[in-house]
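Listing of final-v8.cif; format and content: mmCIF, C-alpha atoms.
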```cif
data_entry
loop_
_atom_site.label_atom_id
_atom_site.label_comp_id
_atom_site.auth_asym_id
_atom_site.auth_seq_id
_atom_site.Cartn_x
_atom_site.Cartn_y
_atom_site.Cartn_z
CA MET A 269 -98.31 -48.10 44.02
CA ALA A 270 -95.64 -48.00 41.33
CA SER A 271 -92.67 -45.67 41.78
CA THR A 272 -91.37 -43.51 38.94
CA LEU A 273 -88.01 -43.90 37.23
CA GLY A 274 -86.49 -40.98 35.38
CA VAL A 275 -85.37 -42.05 31.90
CA ALA A 276 -83.59 -40.33 29.03
CA VAL A 277 -83.04 -41.14 25.38
CA VAL A 278 -79.72 -40.28 23.71
CA GLY A 279 -80.05 -40.14 19.92
CA PHE A 280 -83.49 -39.55 18.44
CA GLY A 281 -83.51 -41.19 15.06
CA TRP A 282 -85.92 -44.00 14.32
CA MET A 283 -84.63 -46.26 17.10
CA GLY A 284 -84.77 -43.48 19.67
CA ARG A 285 -88.42 -43.04 18.74
CA VAL A 286 -89.03 -46.80 19.11
CA HIS A 287 -87.50 -46.79 22.61
CA THR A 288 -89.58 -43.79 23.62
CA GLN A 289 -92.80 -45.37 22.40
CA ALA A 290 -91.92 -48.54 24.30
CA TYR A 291 -91.53 -46.60 27.55
CA ALA A 292 -94.89 -44.93 26.95
CA ARG A 293 -96.63 -48.31 26.59
CA ILE A 294 -95.20 -50.02 29.68
CA ALA A 295 -98.12 -49.06 31.94
CA HIS A 296 -100.61 -50.39 29.39
CA HIS A 297 -99.10 -53.84 29.00
CA TYR A 298 -97.43 -54.32 32.40
CA PRO A 299 -99.65 -52.58 34.96
CA ARG A 300 -98.22 -54.64 37.83
CA LEU A 301 -94.61 -53.62 37.21
CA GLY A 302 -93.39 -51.64 40.19
CA LEU A 303 -91.71 -48.96 38.07
CA ARG A 304 -93.18 -46.35 35.76
CA PRO A 305 -90.76 -44.64 33.35
CA GLU A 306 -90.88 -40.85 33.33
CA LEU A 307 -89.45 -39.14 30.24
CA ILE A 308 -86.98 -36.66 31.71
CA ARG A 309 -84.59 -35.74 28.90
CA VAL A 310 -83.87 -36.32 25.22
CA ALA A 311 -80.44 -35.65 23.68
CA GLU A 312 -79.98 -35.18 19.94
CA GLU A 313 -77.32 -33.13 18.14
CA VAL A 314 -79.39 -32.47 14.99
CA PRO A 315 -80.90 -28.98 15.51
CA GLY A 316 -84.58 -29.03 16.33
CA ARG A 317 -84.98 -32.79 16.53
CA ALA A 318 -84.89 -33.01 20.34
CA GLU A 319 -87.45 -30.23 20.61
CA GLU A 320 -89.75 -32.07 18.21
CA ALA A 321 -89.38 -35.22 20.32
CA ALA A 322 -90.23 -33.31 23.49
CA ALA A 323 -93.29 -31.74 21.90
CA GLN A 324 -94.59 -35.07 20.65
CA PHE A 325 -93.74 -37.40 23.55
CA GLY A 326 -93.54 -35.11 26.57
CA PHE A 327 -89.86 -35.16 27.58
CA ALA A 328 -89.37 -32.64 30.37
CA SER A 329 -86.19 -31.18 28.86
CA THR A 330 -83.92 -31.32 25.82
CA THR A 331 -80.22 -31.00 25.03
CA ARG A 332 -77.82 -31.35 22.14
CA ASP A 333 -75.07 -32.65 24.46
CA TRP A 334 -75.47 -36.15 25.89
CA ARG A 335 -73.04 -35.26 28.69
CA GLU A 336 -75.80 -33.19 30.27
CA VAL A 337 -77.84 -36.38 30.54
CA ALA A 338 -75.00 -38.11 32.40
CA ALA A 339 -74.86 -35.18 34.85
CA ASP A 340 -78.62 -34.97 35.40
CA PRO A 341 -79.54 -36.45 38.82
CA ARG A 342 -83.17 -36.84 37.73
CA VAL A 343 -82.15 -39.44 35.14
CA ARG A 344 -81.65 -42.97 36.47
CA ALA A 345 -81.85 -44.96 33.24
CA VAL A 346 -80.76 -44.13 29.70
CA SER A 347 -81.57 -45.50 26.26
CA ILE A 348 -78.50 -45.21 24.03
CA THR A 349 -79.68 -45.11 20.42
CA ALA A 350 -76.95 -42.91 18.95
CA PRO A 351 -74.70 -44.05 16.05
CA ASN A 352 -72.40 -47.02 16.70
CA PHE A 353 -69.18 -45.05 17.06
CA LEU A 354 -70.60 -43.24 20.10
CA HIS A 355 -71.80 -46.34 21.96
CA ARG A 356 -68.63 -46.99 23.93
CA GLU A 357 -68.06 -43.42 25.11
CA ILE A 358 -71.70 -42.83 26.03
CA GLY A 359 -72.25 -46.28 27.53
CA VAL A 360 -69.18 -46.11 29.78
CA ALA A 361 -69.95 -42.54 30.86
CA MET A 362 -73.58 -43.33 31.72
CA ALA A 363 -72.65 -46.43 33.71
CA ARG A 364 -69.97 -44.52 35.63
CA ALA A 365 -72.57 -41.86 36.39
CA GLY A 366 -74.71 -44.58 37.98
CA LYS A 367 -77.27 -44.80 35.18
CA HIS A 368 -78.79 -48.10 34.07
CA ILE A 369 -78.43 -48.45 30.30
CA TRP A 370 -80.52 -49.90 27.50
CA ILE A 371 -78.15 -49.82 24.55
CA GLU A 372 -78.65 -50.79 20.94
CA LYS A 373 -76.46 -53.40 19.35
CA PRO A 374 -73.70 -53.85 18.30
CA VAL A 375 -72.54 -51.82 21.37
CA GLY A 376 -69.68 -50.02 19.68
CA LEU A 377 -67.41 -50.78 16.78
CA THR A 378 -65.49 -53.74 18.24
CA ALA A 379 -65.63 -56.51 20.81
CA GLU A 380 -63.27 -54.37 22.89
CA ASP A 381 -65.85 -51.56 22.85
CA ALA A 382 -68.61 -53.92 23.97
CA GLY A 383 -66.33 -55.30 26.66
CA ALA A 384 -65.53 -51.82 27.95
CA VAL A 385 -69.23 -51.02 28.33
CA ALA A 386 -69.87 -54.40 29.98
CA ASP A 387 -67.00 -53.77 32.42
CA ALA A 388 -68.29 -50.30 33.28
CA VAL A 389 -71.79 -51.67 33.92
CA ALA A 390 -70.43 -54.44 36.16
CA LYS A 391 -68.18 -52.09 38.16
CA ALA A 392 -70.98 -49.54 38.64
CA GLY A 393 -73.46 -52.18 39.77
CA VAL A 394 -76.09 -50.98 37.31
CA GLN A 395 -78.24 -52.96 34.89
CA GLY A 396 -77.49 -53.19 31.18
CA THR A 397 -79.85 -54.43 28.46
CA VAL A 398 -78.98 -54.79 24.76
CA GLY A 399 -81.32 -54.39 21.78
CA PHE A 400 -81.36 -57.96 20.44
CA ASN A 401 -85.11 -57.72 19.99
CA TYR A 402 -85.86 -60.78 17.85
CA ARG A 403 -85.24 -63.21 20.71
CA ASN A 404 -88.17 -61.47 22.46
CA ALA A 405 -90.69 -62.81 19.94
CA PRO A 406 -92.95 -65.28 21.79
CA ALA A 407 -92.64 -67.76 18.90
CA VAL A 408 -88.84 -67.66 19.18
CA GLU A 409 -89.05 -68.33 22.91
CA ALA A 410 -91.47 -71.18 22.22
CA ALA A 411 -89.02 -72.60 19.66
CA ARG A 412 -86.23 -72.48 22.21
CA GLU A 413 -88.33 -74.40 24.73
CA LEU A 414 -89.30 -76.96 22.10
CA ILE A 415 -85.65 -77.50 21.17
CA ALA A 416 -84.57 -77.78 24.81
CA SER A 417 -87.34 -80.30 25.55
CA GLY A 418 -85.90 -82.71 22.99
CA GLU A 419 -89.12 -82.82 20.93
CA ILE A 420 -87.15 -82.57 17.68
CA GLY A 421 -84.38 -84.84 18.97
CA THR A 422 -80.74 -83.80 19.01
CA VAL A 423 -80.19 -80.66 16.94
CA THR A 424 -78.08 -81.41 13.89
CA HIS A 425 -78.04 -78.13 11.99
CA VAL A 426 -79.55 -74.64 11.78
CA ARG A 427 -79.85 -72.00 9.08
CA VAL A 428 -80.29 -68.36 10.11
CA ARG A 429 -81.07 -65.76 7.44
CA LEU A 430 -81.35 -61.97 7.56
CA PHE A 431 -82.03 -60.46 4.14
CA SER A 432 -83.12 -56.87 3.57
CA ASP A 433 -83.20 -54.25 0.81
CA TYR A 434 -82.74 -51.09 2.91
CA ALA A 435 -79.37 -50.42 1.24
CA ALA A 436 -80.18 -51.85 -2.20
CA HIS A 437 -80.89 -48.54 -3.94
CA PRO A 438 -77.74 -47.17 -5.61
CA GLU A 439 -78.79 -43.64 -4.56
CA GLY A 440 -78.81 -44.55 -0.87
CA ALA A 441 -76.90 -41.87 1.05
CA LEU A 442 -73.32 -42.51 2.22
CA THR A 443 -74.14 -42.10 5.91
CA TRP A 444 -72.08 -43.12 8.95
CA ARG A 445 -73.40 -46.67 8.50
CA TYR A 446 -71.07 -47.24 5.53
CA GLU A 447 -67.89 -45.88 7.16
CA ARG A 448 -65.46 -47.99 9.19
CA ALA A 449 -64.60 -45.14 11.55
CA ARG A 450 -68.20 -44.40 12.56
CA GLY A 451 -70.20 -47.49 11.61
CA GLY A 452 -67.59 -50.18 12.14
CA SER A 453 -68.75 -53.26 10.29
CA GLY A 454 -71.63 -53.08 7.83
CA VAL A 455 -74.19 -55.85 7.60
CA LEU A 456 -72.21 -57.76 10.24
CA GLY A 457 -73.06 -55.30 13.01
CA ASP A 458 -76.47 -54.37 11.66
CA LEU A 459 -78.04 -57.74 10.82
CA ALA A 460 -75.58 -60.61 11.41
CA SER A 461 -75.30 -59.52 15.06
CA HIS A 462 -78.98 -60.45 15.43
CA GLY A 463 -78.28 -63.74 13.67
CA VAL A 464 -75.49 -64.62 16.08
CA ASP A 465 -77.72 -63.78 19.03
CA LEU A 466 -80.58 -65.91 17.70
CA ALA A 467 -78.22 -68.82 17.02
CA ARG A 468 -76.76 -68.62 20.54
CA PHE A 469 -80.21 -68.19 22.12
CA LEU A 470 -81.53 -71.30 20.40
CA LEU A 471 -78.52 -73.64 20.28
CA GLY A 472 -75.88 -72.40 22.73
CA GLU A 473 -72.33 -71.25 22.22
CA ILE A 474 -70.54 -71.06 18.87
CA VAL A 475 -67.01 -72.49 19.06
CA SER A 476 -65.66 -71.90 15.54
CA LEU A 477 -66.64 -70.43 12.20
CA THR A 478 -65.56 -69.58 8.69
CA ALA A 479 -66.97 -66.70 6.67
CA ASP A 480 -66.96 -64.79 3.39
CA THR A 481 -68.00 -61.16 2.87
CA ALA A 482 -68.58 -58.85 -0.10
CA VAL A 483 -69.41 -55.26 -1.03
CA PHE A 484 -71.89 -55.12 -3.92
CA VAL A 485 -72.56 -51.34 -4.00
CA PRO A 486 -69.02 -49.92 -3.80
CA GLU A 487 -69.86 -46.18 -3.99
CA ARG A 488 -72.60 -43.94 -2.63
CA ALA A 489 -73.37 -40.21 -2.65
CA ARG A 490 -72.53 -38.14 0.41
CA PRO A 491 -75.61 -36.45 1.96
CA THR A 492 -75.74 -32.66 2.01
CA VAL A 493 -78.26 -32.39 4.86
CA ALA A 494 -78.94 -34.25 8.12
CA THR A 495 -80.31 -37.72 7.48
CA ALA A 496 -82.40 -40.23 9.43
CA GLY A 497 -82.95 -43.87 8.58
CA HIS A 498 -81.95 -44.84 5.05
CA SER A 499 -82.23 -41.65 3.02
CA ARG A 500 -81.41 -41.02 -0.66
CA ALA A 501 -78.69 -38.61 -1.80
CA ALA A 502 -78.74 -38.52 -5.61
CA GLY A 503 -76.24 -36.15 -7.19
CA GLY A 504 -73.97 -35.79 -4.20
CA GLU A 505 -70.22 -36.35 -4.20
CA LEU A 506 -69.46 -40.06 -4.42
CA GLY A 507 -67.49 -41.81 -1.73
CA PRO A 508 -66.45 -45.41 -1.07
CA VAL A 509 -68.51 -47.92 0.91
CA GLU A 510 -66.01 -49.17 3.46
CA ASN A 511 -67.85 -52.07 5.07
CA GLU A 512 -69.56 -55.21 3.87
CA ASP A 513 -72.98 -55.54 2.23
CA TYR A 514 -73.08 -59.33 2.54
CA VAL A 515 -71.81 -62.17 4.71
CA ASN A 516 -72.21 -65.92 4.72
CA CYS A 517 -70.81 -68.02 7.51
CA LEU A 518 -70.51 -71.65 8.55
CA LEU A 519 -70.85 -72.26 12.29
CA ARG A 520 -69.86 -75.03 14.67
CA PHE A 521 -71.56 -75.15 18.07
CA ALA A 522 -70.30 -76.55 21.36
CA SER A 523 -73.11 -79.12 21.16
CA GLY A 524 -71.70 -80.51 17.91
CA ALA A 525 -74.46 -78.97 15.79
CA ARG A 526 -73.59 -77.18 12.55
CA GLY A 527 -75.02 -73.95 11.22
CA VAL A 528 -75.23 -71.50 8.34
CA LEU A 529 -75.71 -67.77 8.89
CA GLU A 530 -76.31 -65.49 5.91
CA ALA A 531 -77.09 -61.76 5.96
CA CYS A 532 -77.38 -59.08 3.27
CA ARG A 533 -78.51 -55.44 3.26
CA VAL A 534 -78.75 -55.07 -0.54
CA SER A 535 -81.09 -57.98 -1.38
CA VAL A 536 -83.50 -56.59 -3.98
CA GLY A 537 -86.95 -58.11 -3.47
CA GLU A 538 -86.34 -58.95 0.19
CA GLN A 539 -87.96 -56.87 2.92
CA ASN A 540 -86.97 -57.99 6.41
CA ASN A 541 -86.72 -61.65 5.44
CA TYR A 542 -85.41 -62.80 8.79
CA GLY A 543 -85.80 -66.27 10.24
CA PHE A 544 -84.36 -69.66 11.05
CA GLU A 545 -84.78 -73.37 10.40
CA VAL A 546 -83.58 -75.75 13.09
CA HIS A 547 -83.33 -79.45 12.25
CA GLY A 548 -82.98 -82.31 14.72
CA THR A 549 -82.78 -86.06 14.58
CA LYS A 550 -86.57 -86.41 15.05
CA GLY A 551 -88.04 -83.17 13.70
CA ALA A 552 -87.61 -79.49 12.88
CA VAL A 553 -88.85 -76.01 13.79
CA PHE A 554 -89.13 -73.01 11.44
CA TRP A 555 -89.69 -69.28 12.10
CA ASP A 556 -90.16 -66.31 9.76
CA PHE A 557 -90.18 -62.79 11.22
CA ARG A 558 -92.72 -61.71 8.61
CA ARG A 559 -95.12 -64.24 10.15
CA MET A 560 -93.84 -63.47 13.61
CA ASN A 561 -96.52 -65.26 15.62
CA GLU A 562 -96.30 -68.62 13.82
CA LEU A 563 -94.02 -71.61 14.00
CA GLY A 564 -93.64 -74.43 11.53
CA VAL A 565 -93.14 -77.60 13.56
CA SER A 566 -92.36 -81.14 12.43
CA ARG A 567 -92.35 -83.80 15.13
CA GLY A 568 -93.30 -87.42 15.49
CA THR A 569 -91.82 -90.82 14.73
CA THR A 570 -92.14 -91.17 10.97
CA TYR A 571 -88.93 -89.31 10.03
CA GLN A 572 -89.28 -89.67 6.26
CA ASP A 573 -92.25 -87.75 4.77
CA GLN A 574 -93.03 -86.36 8.23
CA PRO A 575 -95.39 -83.37 7.81
CA VAL A 576 -94.92 -79.81 9.06
CA SER A 577 -97.74 -78.21 11.08
CA THR A 578 -98.35 -74.49 11.55
CA VAL A 579 -98.58 -73.55 15.22
CA TYR A 580 -100.01 -70.17 16.24
CA VAL A 581 -98.46 -69.06 19.50
CA GLY A 582 -100.66 -67.79 22.30
CA PRO A 583 -100.62 -66.51 25.89
CA GLY A 584 -98.47 -69.41 27.09
CA ALA A 585 -95.52 -68.32 24.95
CA GLY A 586 -93.08 -65.71 26.26
CA GLU A 587 -94.71 -62.34 26.90
CA TYR A 588 -97.56 -62.90 24.43
CA GLY A 589 -100.20 -62.70 27.17
CA ALA A 590 -99.27 -59.11 27.95
CA PHE A 591 -100.42 -58.10 24.47
CA GLN A 592 -103.13 -60.46 23.20
CA PRO A 593 -105.76 -62.69 24.86
CA GLY A 594 -105.68 -65.66 22.50
CA ALA A 595 -103.58 -67.47 19.91
CA ALA A 596 -103.28 -66.13 16.34
CA ASN A 597 -103.81 -62.48 17.33
CA SER A 598 -100.84 -60.73 15.79
CA MET A 599 -98.03 -58.97 17.56
CA GLY A 600 -95.61 -56.64 15.75
CA TYR A 601 -92.04 -55.33 15.79
CA ASP A 602 -92.71 -52.47 18.22
CA ASP A 603 -94.20 -54.96 20.68
CA LEU A 604 -90.82 -56.69 20.86
CA LYS A 605 -89.25 -53.44 22.02
CA VAL A 606 -91.97 -53.06 24.68
CA VAL A 607 -90.99 -56.52 25.94
CA GLU A 608 -87.36 -55.38 25.92
CA ALA A 609 -88.24 -52.22 27.86
CA TYR A 610 -90.19 -54.28 30.39
CA ARG A 611 -87.30 -56.65 30.96
CA PHE A 612 -84.92 -53.69 31.33
CA LEU A 613 -87.15 -52.04 33.93
CA ARG A 614 -87.77 -55.33 35.72
CA SER A 615 -84.00 -55.84 35.92
CA ILE A 616 -83.72 -52.44 37.60
CA ALA A 617 -86.64 -53.08 39.96
CA GLU A 618 -85.39 -56.48 41.10
CA GLY A 619 -81.64 -56.03 40.72
CA THR A 620 -81.43 -59.20 38.60
CA PRO A 621 -80.79 -59.25 34.84
CA TYR A 622 -83.70 -60.26 32.61
CA GLY A 623 -83.40 -60.62 28.87
CA THR A 624 -80.25 -59.78 26.93
CA THR A 625 -77.18 -58.49 28.74
CA LEU A 626 -73.84 -56.93 27.86
CA THR A 627 -72.35 -60.44 28.02
CA ASP A 628 -74.53 -61.35 25.04
CA ALA A 629 -73.27 -58.25 23.22
CA VAL A 630 -69.63 -59.14 23.90
CA ARG A 631 -70.07 -62.70 22.63
CA SER A 632 -71.91 -61.50 19.53
CA ALA A 633 -69.17 -58.95 18.82
CA ALA A 634 -66.48 -61.61 19.24
CA ALA A 635 -68.23 -63.79 16.66
CA LEU A 636 -68.49 -60.85 14.24
CA GLU A 637 -64.79 -60.12 14.57
CA ALA A 638 -64.04 -63.79 13.98
CA MET A 639 -66.09 -63.56 10.76
CA THR A 640 -64.00 -60.60 9.63
CA ARG A 641 -60.73 -62.43 10.36
CA SER A 642 -61.99 -65.53 8.60
CA ALA A 643 -63.05 -63.59 5.50
CA GLU A 644 -59.60 -61.97 5.35
CA SER A 645 -57.64 -65.20 5.89
CA GLY A 646 -59.94 -67.73 4.24
CA THR A 647 -59.63 -70.03 7.25
CA TRP A 648 -61.67 -71.35 10.16
CA VAL A 649 -61.42 -69.23 13.32
CA ASP A 650 -61.90 -70.54 16.85
CA LEU A 651 -63.83 -68.49 19.41
CA ALA A 652 -62.30 -68.38 22.87
#
```

Represent the structure contained in this file as structure tokens.
Amino acid sequence: MASTLGVAVVGFGWMGRVHTQAYARIAHHYPRLGLRPELIRVAEEVPGRAEEAAAQFGFASTTRDWREVAADPRVRAVSITAPNFLHREIGVAMARAGKHIWIEKPVGLTAEDAGAVADAVAKAGVQGTVGFNYRNAPAVEAARELIASGEIGTVTHVRVRLFSDYAAHPEGALTWRYERARGGSGVLGDLASHGVDLARFLLGEIVSLTADTAVFVPERARPTVATAGHSRAAGGELGPVENEDYVNCLLRFASGARGVLEACRVSVGEQNNYGFEVHGTKGAVFWDFRRMNELGVSRGTTYQDQPVSTVYVGPGAGEYGAFQPGAANSMGYDDLKVVEAYRFLRSIAEGTPYGTTLTDAVRSAAALEAMTRSAESGTWVDLA
């Protein structure tokens, strides 16, 4: 019989809701997991929002102060989905209080912040999982296995793209996301962090890079009420956008492969256009998040004019079998967070990390900081 694990969610915007829904679905998709999450507490400083979350999802208690979560002995694991500038303080405090943490990327504003949380998790002997959800897609895991098997030969180059329009509207509110002090980097932390993680997951470590960044919407209106997601704020007082809308980056991997990573949050006409193309000496593999359960695969011995086949992933790929019985049945974004929740809880149950860890967050953050230094200096930057 499964034992229960008291969990809490700190920060109940959209991502807090996604984490909560993932916990609720664990028993449906992973009935043999030895742990069942129990929603003990939700913390949210916006008045009324925690109470709404409790009424809808069944949290046993609410608070506006996350410190009460750290002090609550009923809570053994915490989802940290608050704004970026709070990640370090909350993450360190929860780990020191003996709580396992599932924390959203980029784990603070800097690589130092991510490192501080990683250090606290290691010293406390608790588990830490990070929200790099795209690597959880079964097709991405299948692509990684295909690459590692040598079916496309030696990898020569990769292109990773993350284009979105969530910040394209000029009336988008000047929230914490656009401020250095609270949001840190812009599209680097929000989207390029996922790109770095995908690149590392597929091809291994990045050893050097050079990058360029730009701000295309330099001013936005300050919101006059509490916001969630990407709200509009027409007519408000204008303020400066302090972090980047766009980045492009050239990568060099330890394997000798080369790469291009490009991300933008103001790409009109692009809605979550995320994906990669990996080319090798004998073939290639392609993935598009908008067709999440498919791979384009080119392999064989013809090289020139070699065709690309569409492969629909099925129960043999990653965690696909926990959701669908046969190939070409679609999975969606929220399913990736259920996989993430499962791997977090399995890590706790077995005392062994599964999925992304704070080490992945630290290495992603180091690459993002290298991109910033490169954009400022116009030079290549080596990663230690």

Is it possible to get the axis-aligned box enclosing range 484-491 of chain A (all listed atoms, 5 Å extra per side) as JSON, with centre and edge lengths in Å rounded to one decimal?
```
{"center_x": -72.3, "center_y": -45.8, "center_z": -1.0, "size_x": 16.6, "size_y": 28.7, "size_z": 16.0}
```

Picked residues, the PyMOL selection byres ((chain A and resi 610-625) around 7), expected as a PDB file with C-alpha atoms, in the coordinates of the input:
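What ended up in part-v4.pdb:
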```pdb
ATOM      1  CA  ILE A 294     -95.200 -50.020  29.680  1.00  0.00           C
ATOM      2  CA  GLY A 302     -93.390 -51.640  40.190  1.00  0.00           C
ATOM      3  CA  LEU A 303     -91.710 -48.960  38.070  1.00  0.00           C
ATOM      4  CA  TRP A 370     -80.520 -49.900  27.500  1.00  0.00           C
ATOM      5  CA  GLN A 395     -78.240 -52.960  34.890  1.00  0.00           C
ATOM      6  CA  GLY A 396     -77.490 -53.190  31.180  1.00  0.00           C
ATOM      7  CA  THR A 397     -79.850 -54.430  28.460  1.00  0.00           C
ATOM      8  CA  VAL A 398     -78.980 -54.790  24.760  1.00  0.00           C
ATOM      9  CA  PHE A 400     -81.360 -57.960  20.440  1.00  0.00           C
ATOM     10  CA  VAL A 606     -91.970 -53.060  24.680  1.00  0.00           C
ATOM     11  CA  VAL A 607     -90.990 -56.520  25.940  1.00  0.00           C
ATOM     12  CA  GLU A 608     -87.360 -55.380  25.920  1.00  0.00           C
ATOM     13  CA  ALA A 609     -88.240 -52.220  27.860  1.00  0.00           C
ATOM     14  CA  LEU A 626     -73.840 -56.930  27.860  1.00  0.00           C
ATOM     15  CA  THR A 627     -72.350 -60.440  28.020  1.00  0.00           C
ATOM     16  CA  ASP A 628     -74.530 -61.350  25.040  1.00  0.00           C
ATOM     17  CA  ALA A 629     -73.270 -58.250  23.220  1.00  0.00           C
TER      18      ALA A 629
END
```

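With CA of Arg520 in chain A on one side and CA of Tyr571 in chain A on the other, the separation reads 24.3 Å.
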
Which distance in Å separates CA of Leu563 in chain A and CA of Pro575 in chain A, to one decimal?
13.4 Å

Would you list the residues near (-69.8, -56.1, 2.0), meaning any protein, DNA or RNA residue with an atom at most 6 Å from that point in file coordinates, counting only C-alpha atoms, as a list in words?
Thr481, Ala482, Val483, Asn511, Glu512, Asp513 and Tyr514 of chain A

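Applied to the file shown here, the PyMOL selection byres ((chain A and resi 524-527) around 7) selects Val423, Thr424, His425, Val426, Arg427, Leu518, Leu519, Arg520, Phe521, Ala522, Ser523, Val528 and Leu529 of chain A.
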
As a check of understanding, name the residues that the PyMOL selection byres ((chain A and resi 451-458) around 7) selects in the supplied structure, as number ranges by chain.
A: 352-353, 374, 377, 444-450, 459-461, 511-514, 531-533, 636

Please determine the residues with any atom at most 9 Å from (-80.4, -43.5, 35.9) (coordinates as given in the file, with all atoms listed in the file counting) and report them as a list in words.
Leu273, Gly274, Val275, Ala276, Ala338, Asp340, Pro341, Arg342, Val343, Arg344, Ala345, Val346, Met362, Ala363, Ala365, Gly366, Lys367, His368, Ile369 and Val394 of chain A

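The space separating CA of Gly281 in chain A from CA of Leu442 in chain A comes to 16.4 Å.
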
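Residues within 12 Å of Tyr601 in chain A, counting all atoms listed in the file and excluding same-chain residues fewer than 3 positions away, are Met283, Val286, His287, Gln289, Ala290, Phe400, Asn401, Tyr402, Arg403, Asn404, Ala405, Pro406, Asn540, Phe557, Arg558, Arg559, Met560, Asn561, Ser598, Leu604, Lys605, Val606, Val607 and Glu608 of chain A.
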
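The shortest atom-to-atom distance to Gln539 in chain A, with all atoms listed in the file taken into account, belongs to A:Asp556 out of A:His296, A:Asp556, A:Glu357, A:Asp650.
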
Between A:Arg412, A:Arg317, A:Arg631, A:Arg309, which has the minimum distance to Phe280 in chain A (counting all atoms listed in the file)?
A:Arg317
